[in-house]
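K.L.:
First the structure, then my questions, so here it is.
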Amino acid sequence: STRIAHFAGRVKAWQESNTLFSDELQVQGNGELVTARGKVKTLLYNTAPSDPRKTPVTATSQVLVARRGDQKVEMAGGVSIRDDSRSLDSEKAAFIFDSSRKLERVEADGSVAVAESASGRKGSGDRAVYQVQKKLIHMFGSPAKISDPAGWVSGQQIVFDLARDRVQVVSEEGQTTGAYRKD
């Protein structure tokens, strides 16, 4: 547990089909703590090896920290996450995994912006939680805002249901505003 391995200069590390690239990588013990710095890029396929996924979840940041026991990977510094037709940008973010090591949710903080190219929807807020299996994005802010080609809505919390193509505004204490045009 006291051993430290340090790698520098165009580092590439992988486990199964998941890959990490960075300028610098430090591994403590038998992988109990992994820290990557400088132009960090991860390719996460989020599937079992027997079920290959064609498109990975791609994330970039300046710093990445993973602790084996936490089932979490934390990223900071210009975080950008891309998955199929969706994107998320923020100051900080974390991948949280379930007990079978599949991506359960993504939590993002600090100037969060999400976009879905298929619907043209865009959202912004202070914080977001993306529940991957349920296909729900919860945006929180002062206020959080979602827009699409027909208009926009803002409130304390906005739930973006990707599976049902719905947006719900939840503002128990704050004001809800919006504008949509009729076609």
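Following the order of the structure tokens, chains are lettered A, B, ..., residues in each are numbered from 1, and ligands are numbered from 1.
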Which of chain A counts as strand (DSSP E) under DSSP, as a PyMOL selection string please?
P.N.:
chain A and resi 4-15+18-28+33-44+57-67+72-83+86-97+103-116+121-131+136-148+151-161+166-170+177-180
K.L.:
Keeping only C-alpha atoms, write those residues as a tab-separated table (two decimals), in the first residue's frame.
P.N.:
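Below is the file again_35.tsv, written as the result:
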chain	number	residue	atom	x	y	z
A	4	ILE	CA	3.90	4.49	-5.75
A	5	ALA	CA	4.32	4.18	-9.51
A	6	HIS	CA	4.67	7.42	-11.47
A	7	PHE	CA	4.35	7.66	-15.26
A	8	ALA	CA	4.88	10.81	-17.34
A	9	GLY	CA	4.67	11.78	-21.02
A	10	ARG	CA	1.80	10.60	-23.22
A	11	VAL	CA	0.55	8.02	-20.71
A	12	LYS	CA	-1.96	5.34	-21.74
A	13	ALA	CA	-3.58	3.02	-19.18
A	14	TRP	CA	-6.44	0.58	-19.69
A	15	GLN	CA	-8.63	-2.01	-18.03
A	18	ASN	CA	-11.81	1.25	-20.95
A	19	THR	CA	-8.83	3.54	-21.58
A	20	LEU	CA	-7.24	6.58	-19.96
A	21	PHE	CA	-4.77	9.00	-21.58
A	22	SER	CA	-2.92	11.78	-19.72
A	23	ASP	CA	0.34	13.66	-19.41
A	24	GLU	CA	1.01	12.17	-15.98
A	25	LEU	CA	-0.32	9.18	-14.01
A	26	GLN	CA	0.36	8.13	-10.44
A	27	VAL	CA	-0.76	4.77	-9.02
A	28	GLN	CA	-0.55	4.04	-5.30
A	33	LEU	CA	-5.55	5.45	-5.61
A	34	VAL	CA	-5.05	6.52	-9.22
A	35	THR	CA	-4.39	10.17	-10.06
A	36	ALA	CA	-4.06	11.49	-13.62
A	37	ARG	CA	-3.06	15.05	-14.50
A	38	GLY	CA	-2.76	17.10	-17.66
A	39	LYS	CA	-4.95	16.64	-20.74
A	40	VAL	CA	-6.81	13.70	-19.19
A	41	LYS	CA	-9.07	11.77	-21.56
A	42	THR	CA	-11.06	8.66	-20.71
A	43	LEU	CA	-12.95	6.27	-22.97
A	44	LEU	CA	-15.56	4.37	-20.93
A	57	VAL	CA	-18.56	7.77	-23.08
A	58	THR	CA	-15.66	10.18	-23.62
A	59	ALA	CA	-14.57	12.51	-20.84
A	60	THR	CA	-11.82	15.13	-20.77
A	61	SER	CA	-10.51	17.12	-17.80
A	62	GLN	CA	-7.29	18.40	-16.28
A	63	VAL	CA	-7.35	16.09	-13.24
A	64	LEU	CA	-8.85	12.65	-12.58
A	65	VAL	CA	-8.85	10.83	-9.22
A	66	ALA	CA	-10.11	7.27	-8.68
A	67	ARG	CA	-10.15	5.40	-5.37
A	72	LYS	CA	-16.33	6.74	-8.06
A	73	VAL	CA	-14.07	8.60	-10.50
A	74	GLU	CA	-13.76	12.35	-9.88
A	75	MET	CA	-12.74	14.86	-12.55
A	76	ALA	CA	-11.90	18.56	-12.28
A	77	GLY	CA	-10.77	21.39	-14.50
A	78	GLY	CA	-12.69	21.99	-17.70
A	79	VAL	CA	-14.69	18.75	-17.61
A	80	SER	CA	-16.34	17.73	-20.86
A	81	ILE	CA	-18.36	14.49	-21.20
A	82	ARG	CA	-19.77	13.19	-24.49
A	83	ASP	CA	-22.16	10.23	-24.89
A	86	ARG	CA	-25.50	14.22	-25.48
A	87	SER	CA	-22.85	16.45	-23.94
A	88	LEU	CA	-22.15	17.81	-20.47
A	89	ASP	CA	-19.61	20.50	-19.57
A	90	SER	CA	-18.78	21.63	-16.03
A	91	GLU	CA	-16.03	22.64	-13.64
A	92	LYS	CA	-16.16	19.32	-11.73
A	93	ALA	CA	-17.86	15.96	-12.32
A	94	ALA	CA	-17.90	12.42	-11.00
A	95	PHE	CA	-18.76	9.05	-12.50
A	96	ILE	CA	-20.49	6.87	-9.87
A	97	PHE	CA	-20.59	3.12	-10.54
A	103	LEU	CA	-21.97	3.63	-14.76
A	104	GLU	CA	-24.96	4.45	-12.54
A	105	ARG	CA	-24.90	8.25	-12.60
A	106	VAL	CA	-22.90	11.33	-13.45
A	107	GLU	CA	-22.83	14.23	-10.98
A	108	ALA	CA	-21.58	17.63	-12.19
A	109	ASP	CA	-20.98	20.90	-10.33
A	110	GLY	CA	-20.04	24.43	-11.33
A	111	SER	CA	-21.29	26.16	-14.48
A	112	VAL	CA	-23.01	23.04	-15.81
A	113	ALA	CA	-24.17	22.98	-19.43
A	114	VAL	CA	-25.92	20.03	-21.09
A	115	ALA	CA	-27.00	19.60	-24.69
A	116	GLU	CA	-28.84	16.95	-26.68
A	121	ARG	CA	-32.41	21.00	-26.10
A	122	LYS	CA	-29.82	22.78	-24.01
A	123	GLY	CA	-29.69	23.23	-20.27
A	124	SER	CA	-27.64	25.19	-17.79
A	125	GLY	CA	-27.40	25.34	-14.03
A	126	ASP	CA	-25.19	25.14	-10.98
A	127	ARG	CA	-25.44	21.36	-10.58
A	128	ALA	CA	-26.68	18.34	-12.55
A	129	VAL	CA	-27.26	14.67	-11.82
A	130	TYR	CA	-27.64	12.30	-14.79
A	131	GLN	CA	-29.19	8.94	-13.87
A	136	LEU	CA	-33.08	11.40	-16.33
A	137	ILE	CA	-31.09	14.61	-15.97
A	138	HIS	CA	-31.86	16.70	-12.87
A	139	MET	CA	-30.64	20.29	-13.29
A	140	PHE	CA	-30.40	22.53	-10.21
A	141	GLY	CA	-29.69	26.25	-10.21
A	142	SER	CA	-30.45	29.78	-9.29
A	143	PRO	CA	-32.19	29.30	-11.66
A	144	ALA	CA	-31.66	26.22	-13.84
A	145	LYS	CA	-32.73	26.72	-17.45
A	146	ILE	CA	-33.65	24.42	-20.36
A	147	SER	CA	-34.28	25.65	-23.90
A	148	ASP	CA	-35.20	24.05	-27.19
A	151	GLY	CA	-38.78	28.15	-26.27
A	152	TRP	CA	-37.32	27.99	-22.78
A	153	VAL	CA	-38.21	27.38	-19.15
A	154	SER	CA	-36.35	28.11	-15.90
A	155	GLY	CA	-36.78	27.21	-12.26
A	156	GLN	CA	-35.09	25.92	-9.13
A	157	GLN	CA	-34.94	22.32	-10.44
A	158	ILE	CA	-35.66	20.97	-13.90
A	159	VAL	CA	-36.00	17.27	-14.71
A	160	PHE	CA	-35.14	16.37	-18.28
A	161	ASP	CA	-36.63	12.93	-19.09
A	166	ARG	CA	-40.38	15.50	-21.38
A	167	VAL	CA	-39.24	18.41	-19.25
A	168	GLN	CA	-40.63	19.00	-15.74
A	169	VAL	CA	-40.00	22.11	-13.65
A	170	VAL	CA	-39.87	21.66	-9.86
A	177	THR	CA	-40.65	31.30	-15.80
A	178	GLY	CA	-40.73	30.35	-19.45
A	179	ALA	CA	-41.81	31.20	-22.95
A	180	TYR	CA	-42.91	28.89	-25.76
K.L.:
Distance CA of Ser100 in chain A-CA of Lys135 in chain A, one decimal place?
P.N.:
18.6 Å
K.L.:
Expressed in Å to a single decimal, how great is the separation between CA of Glu172 in chain A and CA of Pro149 in chain A?
P.N.:
26.6 Å
K.L.:
In Å to one decimal, how far is CA of Ser85 in chain A from CA of Thr176 in chain A?
P.N.:
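Rounded to one decimal, the two atoms are 27.8 Å apart.
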K.L.:
From the list A:Ser17, A:Ser119, A:Arg181, A:Arg3, which residue is nearest Asp165 in chain A when using only C-alpha atoms?
P.N.:
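Between A:Ser17, A:Ser119, A:Arg181, A:Arg3, the residue approaching Asp165 in chain A most closely is A:Ser119.
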